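Each remark here refers to the structure printed beneath this line.
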Amino acid sequence: MNFTPKILAYVCTYCTYTAADMAGSARMQYPATVRIIKYLCTGRIDIIHILKGFEAGADAIFVGG
């Protein structure tokens, strides 16, 4: 059986998202199962956001800021 995890990434607009955008400009790739959600600041993420992500079917959650 082949398991492919669904990863939800909560990222900061000015830090992590900018780096991901630059990586995309450099034609670097990441798995299609990663979903990026952009926040103005990851300091604003509440535990409810993380729990809702798992409730929606995410296998893992990444918070980068």
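So you can find residues: chains in the structure tokens are A, B, ... in the order shown, residues in each start at 1, and ligands are numbered from 1 in order.
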Quiz item: Tell me, which residues of segment 1-47 of chain A carry DSSP strand (DSSP E or B), written as a VMD selection string?
Solution: chain A and resid 7 to 12 34 to 39
Practice problem: Write down as number ranges by chain the residues of chain A whose backbone DSSP state falls under alpha helix (DSSP H). | Solution: A: 16-25, 47-55
Quiz prompt | Counting only C-alpha atoms, the option among A:Asn2, A:Ala32, A:Cys15, A:Leu8 closest to Glu55 of chain A | solution = A:Leu8
Practice problem: Please provide as number ranges by chain all residues within 10 Å of Ile45 of chain A, with the sequence filter that same-chain residues fewer than 5 positions apart are discarded (counting only C-alpha atoms). | Solution: A: 10-11, 39-40, 50, 63
Quiz item: If we count only C-alpha atoms, what is near Ala9 of chain A at a cut-off of 12 Å, once residues fewer than 3 positions away on the same chain are taken out, given as an MDAnalysis selection string?
Solution: chainID A and resid 6 12 16:17 20 30:31 33:39 42 45 49:50 53:54 58:65
Expected file contents, prior selection, C-alpha atoms, as a PDB file, in the first residue's frame:
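Here's the written file again_38.pdb:
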ATOM      1  CA  LYS A   6      -1.818  15.412   2.715  1.00  0.00           C
ATOM      2  CA  CYS A  12       3.649  33.912   6.755  1.00  0.00           C
ATOM      3  CA  THR A  16       7.865  31.693   4.286  1.00  0.00           C
ATOM      4  CA  TYR A  17       5.519  32.498   1.407  1.00  0.00           C
ATOM      5  CA  ALA A  20       8.221  29.495  -1.492  1.00  0.00           C
ATOM      6  CA  TYR A  30       7.151  20.297  -4.012  1.00  0.00           C
ATOM      7  CA  PRO A  31       4.566  17.504  -3.825  1.00  0.00           C
ATOM      8  CA  THR A  33      -0.377  17.046  -1.885  1.00  0.00           C
ATOM      9  CA  VAL A  34       0.941  20.151  -0.088  1.00  0.00           C
ATOM     10  CA  ARG A  35      -1.629  22.932   0.258  1.00  0.00           C
ATOM     11  CA  ILE A  36      -0.401  26.412   1.190  1.00  0.00           C
ATOM     12  CA  ILE A  37      -2.540  28.812   3.210  1.00  0.00           C
ATOM     13  CA  LYS A  38      -1.104  32.310   3.483  1.00  0.00           C
ATOM     14  CA  TYR A  39      -1.455  34.380   6.677  1.00  0.00           C
ATOM     15  CA  THR A  42       1.736  33.039  11.561  1.00  0.00           C
ATOM     16  CA  ILE A  45      -2.736  31.230  13.998  1.00  0.00           C
ATOM     17  CA  HIS A  49      -7.089  26.716  12.736  1.00  0.00           C
ATOM     18  CA  ILE A  50      -4.825  23.721  13.248  1.00  0.00           C
ATOM     19  CA  GLY A  53      -7.047  21.520   9.225  1.00  0.00           C
ATOM     20  CA  PHE A  54      -6.930  18.044  10.706  1.00  0.00           C
ATOM     21  CA  ALA A  58      -4.822  16.871   6.632  1.00  0.00           C
ATOM     22  CA  ASP A  59      -2.328  14.230   7.753  1.00  0.00           C
ATOM     23  CA  ALA A  60       0.259  16.812   8.797  1.00  0.00           C
ATOM     24  CA  ILE A  61       0.380  20.552   9.361  1.00  0.00           C
ATOM     25  CA  PHE A  62       3.396  22.775   8.806  1.00  0.00           C
ATOM     26  CA  VAL A  63       3.534  26.271  10.335  1.00  0.00           C
ATOM     27  CA  GLY A  64       6.295  28.456   8.952  1.00  0.00           C
ATOM     28  CA  GLY A  65       6.901  32.072   9.724  1.00  0.00           C
TER      29      GLY A  65
END
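Computed from the coordinates, the atom CA of Gly24 of chain A to atom CA of Pro5 of chain A distance equals 21.2 Å.
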Exercise. Figure out the distance between atom CA of Thr4 of chain A and atom CA of Gln29 of chain A, please, to one decimal in Å.
Key: 16.1 Å
